[in-house]
Amino acid sequence: MNTESPLSGLSVVLAGGGTAGHISPLLAIANALREARPGVRLLAVGTPAGMETRLVPAAGLELATIGRVPFPRRPSLDLLRFPGRLAGAVKQAGRILDEAGADVLVGVGGYVCTPLYLAARRRKIPIVVHEANTRPGLANRVGAMLGARVAVAFAGTRLGAAEHVGMPMRTEISGLDRAAARASARAALGLDPQQPVLVVTGGSSGAQSINRTLAASVGALAEAGIATLHITGRGKAVPDAGGSPLAAPGYRQVEYVDGMETVYAAADLLLARAGSATVCEVAAVGVPAVFVPLPIGNGEQALNAAGLVAAGGALIVADSAFTPGWVREHIIPLLRDHERLARMAASSEHLGIRDADRRMADLVLEAAASPKQQRH
């Protein structure tokens, strides 16, 4: 009798890239699949110029690449060339799926996903989509229209018959015990263990408007007895008026921190943009937050933050309204109000989801085992 599992030798292709917002959940899903199904064969697919070319191999995952084929947003020669370029990318994608012997395709968004979704559909390979933003991207809307199983990070995302699973994240974050890690995190970051701690970050690339307001506020924060860690972004150190590194009592400036779990453990309050990963991680670990959504684009950052703000776990302020006066009127009093911070932390953690990576792994395995899919 054949006792071999129908999922033994399972081959999973994971597509996505371009930004850390796509790559981080892809890697978290890959790690959860390895834990759930030892021996699973995994292949990531991205573009030749995205961050995935560095981050995916560094995570021990094999990477294949296909050409980047963005959809032209206005009439142009690129629009005329688009059908041929897309057809070429679909052929590339098909070869990758065939060579991998793919049993299921997982897409997390980005330009690379559309040709892979189309190629998988032609081969009747099951598709599982994870959408990280409240406002779905074009590629994942295509995947949903092709009959994919759809999972979303935010309950308010409208994308097919979506299942709300949360945001897959690194286990160092999802498993964080902030209270237990606080003292060691503050020591590692050079912060006073007795002072209220504000952490300010604009992400790895920084946020100049946030940096300007913070630079003008360091004196008020220091006078209030608040320790501030200012993560400026790579290459965006903030000088004082004389060109020297900005300095004030209790203020520490760094360009980058490797491991946001340390930041989350150290902070009494986080001030940041409202990218989907940041919003979901803040909720999962219960960090009170102030969000300053990116003022450009389609407004998705404000939408990402809306649920957590409505639940009482965070505040939101428009980029144009985030001034030194706003810091004095809102952030300094908040950091002195321990009871309000505790309520915000509890509200945030109540809304957060820590096991999205495992939920996604379960969806992928269910899709791969589905008897409804007839392979060619």
# chains A, B, ... in the order shown; residues from 1 in each chain; ligands from 1
>>> residues_around(residues="Val327 (chain A)", least_positions_apart="4", cutoff="10 Å", atoms="only C-alpha atoms", output="list in words")
Thr213, Leu214, Ala216, Ser217, Val218, Ala220, Leu221, Phe322, Thr323, Ile331, Ile332, Pro333 and Leu334 of chain A
>>> write_last_selection(atoms="C-alpha atoms", output="short mmCIF file (atom, residue, chain, number, x, y, z; two decimals), in the first residue's frame")
data_model
loop_
_atom_site.label_atom_id
_atom_site.label_comp_id
_atom_site.auth_asym_id
_atom_site.auth_seq_id
_atom_site.Cartn_x
_atom_site.Cartn_y
_atom_site.Cartn_z
CA THR A 213 10.13 68.32 12.87
CA LEU A 214 11.98 66.04 15.25
CA ALA A 216 13.24 71.19 15.91
CA SER A 217 11.70 69.36 18.88
CA VAL A 218 14.71 67.77 20.59
CA ALA A 220 11.42 70.37 24.23
CA LEU A 221 11.68 66.59 24.49
CA PHE A 322 3.17 67.29 12.15
CA THR A 323 5.00 70.31 13.56
CA ILE A 331 3.43 63.65 22.12
CA ILE A 332 5.01 65.06 25.27
CA PRO A 333 1.77 64.86 27.33
CA LEU A 334 1.12 61.36 26.00
#
>>> residues_around(residues="Val364 (chain A)", least_positions_apart="4", cutoff="9 Å", atoms="only C-alpha atoms", output="PyMOL selection string")
chain A and resi 12+33+104-106+126-128+149+359-360+368-369
>>> residues_around(residues="Glu131 (chain A)", least_positions_apart="6", cutoff="8 Å", atoms="only C-alpha atoms", output="list in words")
Val108, Gly109, Gly137, Asn140, Val150, Ala151, Val152 and Ala153 of chain A
>>> write_last_selection(atoms="C-alpha atoms", output="PDB file, in the first residue's frame")
ATOM      1  CA  VAL A 108       2.485  38.743  -2.288  1.00  0.00           C
ATOM      2  CA  GLY A 109       2.264  41.559  -4.854  1.00  0.00           C
ATOM      3  CA  GLY A 137      -2.412  46.470  -5.748  1.00  0.00           C
ATOM      4  CA  ASN A 140      -3.130  40.979  -6.666  1.00  0.00           C
ATOM      5  CA  VAL A 150      -6.991  35.350  -1.201  1.00  0.00           C
ATOM      6  CA  ALA A 151      -5.694  36.345   2.221  1.00  0.00           C
ATOM      7  CA  VAL A 152      -5.396  39.907   3.509  1.00  0.00           C
ATOM      8  CA  ALA A 153      -3.497  41.705   6.237  1.00  0.00           C
TER       9      ALA A 153
END
>>> atom_distance(atom1="CA of Gly50 (chain A)", atom2="CA of Arg135 (chain A)")
22.0 Å
>>> residues_around(residues="region 233-242 of chain A", least_positions_apart="3", cutoff="12 Å", atoms="only C-alpha atoms", output="tab-separated table (two decimals) with all heavy atoms, in the first residue's frame")
chain	number	residue	atom	x	y	z
A	200	VAL	N	11.52	57.37	16.99
A	200	VAL	CA	11.04	58.01	15.76
A	200	VAL	C	11.73	57.37	14.58
A	200	VAL	O	12.97	57.29	14.54
A	200	VAL	CB	11.32	59.53	15.78
A	200	VAL	CG1	10.81	60.18	14.50
A	200	VAL	CG2	10.69	60.18	17.01
A	201	THR	N	10.96	56.93	13.60
A	201	THR	CA	11.55	56.33	12.40
A	201	THR	C	10.71	56.63	11.18
A	201	THR	O	9.49	56.62	11.24
A	201	THR	CB	11.71	54.80	12.55
A	201	THR	OG1	12.21	54.24	11.32
A	201	THR	CG2	10.39	54.12	12.90
A	202	GLY	N	11.39	56.90	10.09
A	202	GLY	CA	10.71	57.06	8.80
A	202	GLY	C	10.93	55.88	7.90
A	202	GLY	O	10.69	55.97	6.70
A	203	GLY	N	11.38	54.75	8.46
A	203	GLY	CA	11.67	53.58	7.65
A	203	GLY	C	13.13	53.60	7.21
A	203	GLY	O	13.88	54.53	7.49
A	204	SER	N	13.55	52.55	6.50
A	204	SER	CA	14.96	52.41	6.13
A	204	SER	C	15.44	53.55	5.25
A	204	SER	O	16.62	53.90	5.27
A	204	SER	CB	15.18	51.07	5.42
A	204	SER	OG	14.38	50.98	4.26
A	205	SER	N	14.53	54.14	4.47
A	205	SER	CA	14.94	55.25	3.59
A	205	SER	C	14.74	56.61	4.24
A	205	SER	O	15.10	57.63	3.67
A	205	SER	CB	14.16	55.18	2.27
A	205	SER	OG	12.76	55.27	2.51
A	206	GLY	N	14.17	56.64	5.43
A	206	GLY	CA	13.99	57.89	6.15
A	206	GLY	C	12.79	58.68	5.67
A	206	GLY	O	12.15	58.36	4.67
A	207	ALA	N	12.46	59.74	6.42
A	207	ALA	CA	11.36	60.63	6.07
A	207	ALA	C	11.79	62.04	6.43
A	207	ALA	O	11.85	62.40	7.60
A	207	ALA	CB	10.09	60.24	6.81
A	208	GLN	N	12.10	62.85	5.43
A	208	GLN	CA	12.71	64.15	5.68
A	208	GLN	C	11.80	65.08	6.49
A	208	GLN	O	12.28	65.82	7.36
A	208	GLN	CB	13.09	64.80	4.35
A	208	GLN	CG	14.26	64.11	3.67
A	208	GLN	CD	14.70	64.82	2.41
A	208	GLN	OE1	13.99	65.66	1.87
A	208	GLN	NE2	15.89	64.49	1.93
A	209	SER	N	10.49	65.07	6.22
A	209	SER	CA	9.61	65.97	6.96
A	209	SER	C	9.56	65.58	8.44
A	209	SER	O	9.54	66.45	9.32
A	209	SER	CB	8.21	65.95	6.35
A	209	SER	OG	7.65	64.64	6.38
A	210	ILE	N	9.53	64.27	8.72
A	210	ILE	CA	9.56	63.82	10.12
A	210	ILE	C	10.89	64.21	10.76
A	210	ILE	O	10.94	64.70	11.90
A	210	ILE	CB	9.33	62.30	10.20
A	210	ILE	CG1	7.89	61.96	9.82
A	210	ILE	CG2	9.65	61.79	11.60
A	210	ILE	CD1	7.58	60.48	9.82
A	211	ASN	N	11.98	64.02	10.04
A	211	ASN	CA	13.30	64.37	10.57
A	211	ASN	C	13.39	65.86	10.90
A	211	ASN	O	13.96	66.24	11.93
A	211	ASN	CB	14.39	64.00	9.56
A	211	ASN	CG	14.62	62.50	9.48
A	211	ASN	OD1	14.14	61.74	10.32
A	211	ASN	ND2	15.35	62.06	8.47
A	212	ARG	N	12.86	66.73	10.04
A	212	ARG	CA	12.92	68.17	10.29
A	212	ARG	C	12.15	68.54	11.55
A	212	ARG	O	12.63	69.31	12.39
A	212	ARG	CB	12.35	68.93	9.08
A	212	ARG	CG	13.28	69.00	7.89
A	212	ARG	CD	12.80	70.04	6.90
A	212	ARG	NE	11.46	69.74	6.38
A	212	ARG	CZ	11.23	69.04	5.28
A	212	ARG	NH1	12.24	68.54	4.58
A	212	ARG	NH2	9.99	68.83	4.87
A	213	THR	N	10.94	68.01	11.69
A	213	THR	CA	10.13	68.32	12.87
A	213	THR	C	10.79	67.80	14.14
A	213	THR	O	10.81	68.48	15.17
A	213	THR	CB	8.72	67.74	12.72
A	213	THR	OG1	8.05	68.45	11.68
A	213	THR	CG2	7.92	67.87	14.00
A	214	LEU	N	11.34	66.60	14.06
A	214	LEU	CA	11.98	66.04	15.25
A	214	LEU	C	13.21	66.86	15.64
A	214	LEU	O	13.43	67.14	16.83
A	214	LEU	CB	12.36	64.58	14.97
A	214	LEU	CG	12.49	63.63	16.16
A	214	LEU	CD1	13.79	63.82	16.91
A	214	LEU	CD2	11.31	63.79	17.12
A	215	ALA	N	13.99	67.27	14.62
A	215	ALA	CA	15.18	68.06	14.91
A	215	ALA	C	14.82	69.37	15.62
A	215	ALA	O	15.56	69.84	16.51
A	215	ALA	CB	15.92	68.37	13.61
A	216	ALA	N	13.68	69.94	15.27
A	216	ALA	CA	13.24	71.19	15.91
A	216	ALA	C	12.59	70.94	17.27
A	216	ALA	O	12.25	71.92	17.96
A	216	ALA	CB	12.26	71.92	14.99
A	217	SER	N	12.41	69.69	17.65
A	217	SER	CA	11.70	69.36	18.88
A	217	SER	C	12.59	68.75	19.95
A	217	SER	O	12.12	68.48	21.06
A	217	SER	CB	10.57	68.36	18.57
A	217	SER	OG	9.68	68.88	17.59
A	218	VAL	N	13.86	68.50	19.64
A	218	VAL	CA	14.71	67.77	20.59
A	218	VAL	C	14.87	68.53	21.90
A	218	VAL	O	14.95	67.93	22.98
A	218	VAL	CB	16.08	67.42	19.98
A	218	VAL	CG1	15.93	66.43	18.84
A	218	VAL	CG2	16.81	68.67	19.52
A	219	GLY	N	14.90	69.86	21.83
A	219	GLY	CA	15.04	70.63	23.06
A	219	GLY	C	13.85	70.46	23.98
A	219	GLY	O	14.00	70.24	25.19
A	230	HIS	N	16.20	58.53	17.52
A	230	HIS	CA	15.81	59.05	16.21
A	230	HIS	C	16.52	58.23	15.14
A	230	HIS	O	17.73	58.34	14.95
A	230	HIS	CB	16.22	60.53	16.13
A	230	HIS	CG	15.77	61.21	14.88
A	230	HIS	ND1	16.14	62.50	14.55
A	230	HIS	CD2	14.97	60.79	13.86
A	230	HIS	CE1	15.60	62.84	13.40
A	230	HIS	NE2	14.89	61.81	12.96
A	245	PRO	N	26.77	66.98	14.34
A	245	PRO	CA	25.67	66.05	14.66
A	245	PRO	C	24.73	66.65	15.71
A	245	PRO	O	25.19	67.21	16.71
A	245	PRO	CB	26.39	64.82	15.20
A	245	PRO	CG	27.75	64.88	14.57
A	245	PRO	CD	28.08	66.34	14.48
A	246	LEU	N	23.44	66.56	15.47
A	246	LEU	CA	22.45	67.10	16.40
A	246	LEU	C	22.59	66.41	17.75
A	246	LEU	O	22.71	65.17	17.82
A	246	LEU	CB	21.05	66.86	15.83
A	246	LEU	CG	19.87	67.47	16.57
A	246	LEU	CD1	19.96	68.99	16.55
A	246	LEU	CD2	18.57	67.02	15.92
A	247	ALA	N	22.56	67.19	18.81
A	247	ALA	CA	22.75	66.62	20.15
A	247	ALA	C	21.84	67.33	21.14
A	247	ALA	O	21.54	68.51	21.02
A	247	ALA	CB	24.21	66.77	20.60
A	248	ALA	N	21.38	66.56	22.14
A	248	ALA	CA	20.59	67.09	23.25
A	248	ALA	C	20.58	66.01	24.33
A	248	ALA	O	20.78	64.83	24.03
A	248	ALA	CB	19.17	67.41	22.81
A	252	ARG	N	19.35	60.41	21.04
A	252	ARG	CA	20.33	59.60	20.31
A	252	ARG	C	19.88	59.44	18.88
A	252	ARG	O	18.71	59.13	18.62
A	252	ARG	CB	20.49	58.22	20.97
A	252	ARG	CG	21.53	57.38	20.24
A	252	ARG	CD	22.01	56.19	21.05
A	252	ARG	NE	23.04	55.50	20.30
A	252	ARG	CZ	22.95	54.26	19.82
A	252	ARG	NH1	21.86	53.55	20.05
A	252	ARG	NH2	23.94	53.73	19.13
A	253	GLN	N	20.80	59.65	17.97
A	253	GLN	CA	20.49	59.58	16.55
A	253	GLN	C	21.29	58.47	15.89
A	253	GLN	O	22.49	58.34	16.09
A	253	GLN	CB	20.85	60.92	15.89
A	253	GLN	CG	20.55	60.97	14.41
A	253	GLN	CD	20.98	62.29	13.79
A	253	GLN	OE1	21.47	62.32	12.67
A	253	GLN	NE2	20.79	63.40	14.51
A	254	VAL	N	20.60	57.62	15.12
A	254	VAL	CA	21.24	56.57	14.33
A	254	VAL	C	20.58	56.54	12.96
A	254	VAL	O	19.44	56.99	12.80
A	254	VAL	CB	21.14	55.18	14.99
A	254	VAL	CG1	21.86	55.15	16.33
A	254	VAL	CG2	19.68	54.76	15.18
A	255	GLU	N	21.29	56.05	11.97
A	255	GLU	CA	20.70	55.98	10.63
A	255	GLU	C	19.85	54.73	10.44
A	255	GLU	O	18.92	54.73	9.65
A	255	GLU	CB	21.81	56.01	9.57
A	255	GLU	CG	22.52	57.36	9.49
A	255	GLU	CD	23.43	57.46	8.27
A	255	GLU	OE1	23.43	56.53	7.44
A	255	GLU	OE2	24.14	58.49	8.15
A	256	TYR	N	20.17	53.67	11.16
A	256	TYR	CA	19.50	52.39	10.93
A	256	TYR	C	19.64	51.52	12.16
A	256	TYR	O	20.64	51.59	12.87
A	256	TYR	CB	20.14	51.70	9.71
A	256	TYR	CG	19.56	50.36	9.35
A	256	TYR	CD1	18.33	50.28	8.70
A	256	TYR	CD2	20.23	49.18	9.64
A	256	TYR	CE1	17.79	49.05	8.35
A	256	TYR	CE2	19.70	47.95	9.30
A	256	TYR	CZ	18.47	47.89	8.66
A	256	TYR	OH	17.93	46.67	8.32
A	257	VAL	N	18.62	50.70	12.42
A	257	VAL	CA	18.69	49.70	13.49
A	257	VAL	C	18.40	48.35	12.87
A	257	VAL	O	17.38	48.17	12.18
A	257	VAL	CB	17.67	50.00	14.61
A	257	VAL	CG1	17.64	48.83	15.61
A	257	VAL	CG2	18.03	51.29	15.33
A	258	ASP	N	19.29	47.41	13.09
A	258	ASP	CA	19.12	46.07	12.54
A	258	ASP	C	18.29	45.24	13.53
A	258	ASP	O	18.80	44.80	14.55
A	258	ASP	CB	20.49	45.42	12.31
A	258	ASP	CG	20.37	44.07	11.61
A	258	ASP	OD1	19.29	43.78	11.07
A	258	ASP	OD2	21.36	43.31	11.61
A	272	ALA	N	5.99	56.95	13.47
A	272	ALA	CA	6.44	56.36	12.22
A	272	ALA	C	5.47	56.64	11.09
A	272	ALA	O	4.34	57.12	11.31
A	272	ALA	CB	6.60	54.84	12.39
>>> residues_around(residues="Leu229 (chain A)", least_positions_apart="6", cutoff="10 Å", atoms="only C-alpha atoms", output="ChimeraX atom specification")
/A:186,189-191,197-201,250-254,263,266-267,270
>>> atom_distance(atom1="CA of Tyr111 (chain A)", atom2="CA of Thr171 (chain A)")
26.9 Å
